[in-house]
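J.: One structure, as structure tokens, below. Some questions next.
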Amino acid sequence: MHNKFYVTTPIYYVNDKPHIGHAYATISADVLARYHRFLGHEVHFLTGTDEHGSKVAESAAKAGQTPQEFCDITSGHFQMVWDRLDISNNDFIRTTEERHKQGVAFILNRLKEVGAIYESEYEGLYCSGCEKFITEKDLVSGECPDHKKKPELIKEKNYFFKLSNYLPQVEKLIDEGKIKVHPESRRREVMGLFKQELNDFSVSREHVKWGIPVPFDVSQVIYVWVDALSNYITALGYGQADDVAFKKFWPADLHIIGKDILKFHCVYWPAMLIAADIEVPKNIFITGYFTIDGQKMSKTIGNIIDPNELVSQFGSDPARYLLLCQFPFGADGDIKAENFVLQYNSDLANGIGNLVSRVTAMAEKYFGGAVPEQDDELKEPVAAIWQSYQEGLANFQIDKAIEGIKKTVTLADGYIDKNKPWELAKTDRAKLAKVIYNLSELIRHLGLMVYPIMPETSVKILNTVGKADFTNYHLSDLNHWGLLNPGDKINKSEALFPRIQ
RNA sequence: CGCGGGGUAGAGCAGUUGGCAGCUCGGCGGGCCCAUAACCCGCAGGUCGCCGGUUCGAGUCCGGCCCCCGCAACCA
């Protein structure tokens with residue numbers, strides 16, 4: 001079963017609008033999904049929205065909507081932006097869907113049956129104005145700042161998950177690499193968590209109304225983590241009548257997550273799966289965080305960038321590229337909004353776009369748009385680039401793929417400058433034919449490399465050399481040298497990425 | 001002393017086992033004229049967060065300190 005690939009993004013909380021952090025995680029998953037499809041693997045790519053909890057209910061009330069109406073609208077924002085970004089997900093799970101509710105109820109029952117869940121009491125400060133528990137830190141001179149009331153100390157009955165029972169097994173799985181946590185620095189962070197106190201966690205709430213009822217106690221609602229994490233299997237049909245997809249695709253080959261939810265995915269989730277006797281995910285990749293102009297992204301600072309704006313300004317492919325090229329996959333990085341224009345112009349317009357334009361223009365000008373005789377002068381360097389490109393993506397290093405694309409462009413520009421085709425046109429037609437062949441074939445490779453990251457551009461590039469129809473091929477059929485044949489038609493490319501300003 | 005990540009050129013980042021500090025963008029100067037005023041070559045720019053230690057030699061190893069970030073409001 002090594003030719004399937006199941007990749008997930010976090011499910012995004014609907015109490016927020018999509019921002020570039022969400023987009024970064026989702027685009028990354030999309031790149032890997034597209035790459036694996038291109039390898040010929042059977043890919044299942046899941047994303048979705050997390051829709052329960054008191055915050056959602058509050059926001060809905062503020063907006064004068066029912067929680068479900070509110071969720072429909074905000075979940076729609078995510079679906080729309082993924083559509084605009086050409087995200088190729090196979091499924092979109094919403095935690096308010098019936099299939100998910102069924103699956104979660106099944107899981108909770110199962111955890112109860114195996115004795116992983118026990119009843120206990122949660123004690124906390126409760127504000128009747130907020131209708132929720134608040135912490136001491138929230139208090140202003142002993143009162144709830146929103147309602148100017150003293151919260152009462154109350155106890156509520158809750159169900160808890162016996163995390164401690166499973167911690168040694170989870171630690172062992174991660175230590176032995178059965179669950180691979182990437183990058184390495186994050187793996188160390190997770191191993192550090194086991195040395196600290198990790199408490200059993202509550203899986204239900206009595207006062208929250210907007211949620212999935214606990215199947216064995218309807219006075220309670222299932223609390224966030226069991227609800228949210230389970231999406232990765234409920235979407236595949238786990239706990240439902242039709243679980244074919246679950247049998248086929250689980251365990252996940254890759255969960256992509258943000259660092260804020262590392263503990264839940266690397267500790268709680270495997271523990272729940274072990275308790276329920278379900279296989280654990282193979283890889284968990286923690287993405288870095290953007291800071292903007294050195295500052296953390298936040299609503300209060302107001303520096304949040306809407307991915308829709310990027311698409312409107314640059315188009316879908318460039319938006320994808322610009323987000324991915326900021327820093328190595330897995331690292332944090334700072335960005336400046338003004339840099340997007342600079343990078344667009346240098347990498348895309350001057351780099352990829354201009355190269356395709358100059359090569360196809362020369363092919364047309366010197367050989368009437370037909371591929372001249374074959375040659376393999378650039379065969380070796382291209383093979384080397386492919387190797388690091390593929391090794392990189394096999395380890396989820398999207399930055400290596402981008403590096404390969406840049407190297408290919410640099411190789412081609414340098415090759416043109418070295419050989420000066422405009423001089424060969426006057427002095428040495430035979431040599432010119434070889435140079436143009438090498439460049440045309442190189443463009444074809446560039447088109448293939450670009451595919452996972454910029455799918456539309458890939459087709460445009462491959463169209464110029466008449467090789468855009470690759471639906472029935474795998475990458476391994478296409479990424480070796482010499483597939484362009486003498487006489488193949490080359491079409492002069494229009495500007496792929498018009499310069500901005 | 002809670003745990004973990006990080007501080008390297010104007011900006012964003014690489015730096016494997018300690019051995020002449022690199023990449024991309026931006027700036028400056030040259031070249032070219034096929035191409036989207038694009039491309040190629042060269043130059044400038046760094047007390048590698050601070051202090052101390054080990055060493056023939058430290059961005060890298062050790063100790064201490066400062067600052068930023070995540071775990072821990074909203075949130076990938």
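Residues in the structure tokens are numbered from 1 in each chain, the chains being A, B, ... in the order shown, and ligands are numbered from 1 in the order shown.
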For chain B, list the residues within 6 Å of chain A, counting only C-alpha atoms (C1' of nucleotides), and write the list as a list in words.

T.: G4, C34, A35, U36, A38, C40 and A76 of chain B

J.: If you run DSSP on this backbone, which residues of region 146-217 of chain A come out as strand (DSSP E), and could you give them as a list in words?

T.: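 Strand (DSSP E) members of region 146-217 of chain A, listed: Glu152, Leu153, Ile154, Lys155, Glu156, Lys157, Asn158, Tyr159, Phe160, Phe161, Lys180, Val181, His182, Phe201, Ser202, Ser204, Arg205, Pro213, Val214 and Asp217 of chain A.
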
J.: List the spatial neighbours of Ile233 (chain A) as number ranges by chain - criterion: any atom at most 9 Å away, only C-alpha atoms (C1' of nucleotides), same-chain residues fewer than 2 positions off excluded.

T.: A: 100, 103, 229-231, 235-239, 246, 250-252

J.: Write out as a PyMOL selection string all residues of region 213-307 of chain A that DSSP puts in helix (DSSP H, G or I) for this structure's backbone.

T.: chain A and resi 224-229+231-234+244-249+259-275+307

J.: Could you save those same residues with C-alpha atoms as a PDB file, in the first residue's frame?

T.:
ATOM      1  CA  VAL A 224     -13.195  20.611  21.024  1.00  0.00           C
ATOM      2  CA  TRP A 225     -10.292  18.179  20.687  1.00  0.00           C
ATOM      3  CA  VAL A 226     -12.153  14.933  20.290  1.00  0.00           C
ATOM      4  CA  ASP A 227     -14.508  16.695  17.942  1.00  0.00           C
ATOM      5  CA  ALA A 228     -11.873  18.445  15.837  1.00  0.00           C
ATOM      6  CA  LEU A 229      -9.104  15.850  15.646  1.00  0.00           C
ATOM      7  CA  ASN A 231     -12.224  14.853  11.395  1.00  0.00           C
ATOM      8  CA  TYR A 232      -9.240  13.118   9.832  1.00  0.00           C
ATOM      9  CA  ILE A 233     -11.007   9.772  10.099  1.00  0.00           C
ATOM     10  CA  THR A 234     -14.677  10.699  10.141  1.00  0.00           C
ATOM     11  CA  VAL A 244     -14.293   2.117   2.274  1.00  0.00           C
ATOM     12  CA  ALA A 245     -12.211   5.280   2.109  1.00  0.00           C
ATOM     13  CA  PHE A 246     -11.080   4.789   5.683  1.00  0.00           C
ATOM     14  CA  LYS A 247      -9.868   1.290   4.927  1.00  0.00           C
ATOM     15  CA  LYS A 248      -8.137   2.514   1.820  1.00  0.00           C
ATOM     16  CA  PHE A 249      -6.444   5.692   2.981  1.00  0.00           C
ATOM     17  CA  LYS A 259       2.855  25.008  15.737  1.00  0.00           C
ATOM     18  CA  ASP A 260       0.055  26.131  18.014  1.00  0.00           C
ATOM     19  CA  ILE A 261      -1.640  22.768  17.755  1.00  0.00           C
ATOM     20  CA  LEU A 262       1.474  20.618  17.982  1.00  0.00           C
ATOM     21  CA  LYS A 263       0.647  19.108  21.362  1.00  0.00           C
ATOM     22  CA  PHE A 264      -2.802  18.075  20.285  1.00  0.00           C
ATOM     23  CA  HIS A 265      -1.643  16.370  17.109  1.00  0.00           C
ATOM     24  CA  CYS A 266       1.555  14.815  18.370  1.00  0.00           C
ATOM     25  CA  VAL A 267       0.344  13.694  21.796  1.00  0.00           C
ATOM     26  CA  TYR A 268      -3.437  13.738  22.252  1.00  0.00           C
ATOM     27  CA  TRP A 269      -4.359  12.482  18.814  1.00  0.00           C
ATOM     28  CA  PRO A 270      -2.049   9.442  18.737  1.00  0.00           C
ATOM     29  CA  ALA A 271      -3.132   8.632  22.297  1.00  0.00           C
ATOM     30  CA  MET A 272      -6.794   8.675  21.288  1.00  0.00           C
ATOM     31  CA  LEU A 273      -6.074   6.492  18.294  1.00  0.00           C
ATOM     32  CA  ILE A 274      -4.108   3.982  20.338  1.00  0.00           C
ATOM     33  CA  ALA A 275      -6.920   3.825  22.865  1.00  0.00           C
ATOM     34  CA  PRO A 307      -5.207  35.652   0.706  1.00  0.00           C
TER      35      PRO A 307
END

J.: Can you list, as a PyMOL selection string, every protein, DNA or RNA residue that comes within 10 Å of Leu442 (chain A) when you count only C-alpha atoms (C1' of nucleotides), leaving out same-chain residues fewer than 6 positions away?

T.: chain A and resi 356+359+378-379+382+408-409+411-412+436+448+481-482+484

J.: Write out as JSON, numbers by chain the residues lying within 12 Å of region 15-17 of chain B, counting only C-alpha atoms (C1' of nucleotides) and excluding same-chain residues fewer than 6 positions away.

T.: {"B": [8, 23, 48, 59, 60, 61]}
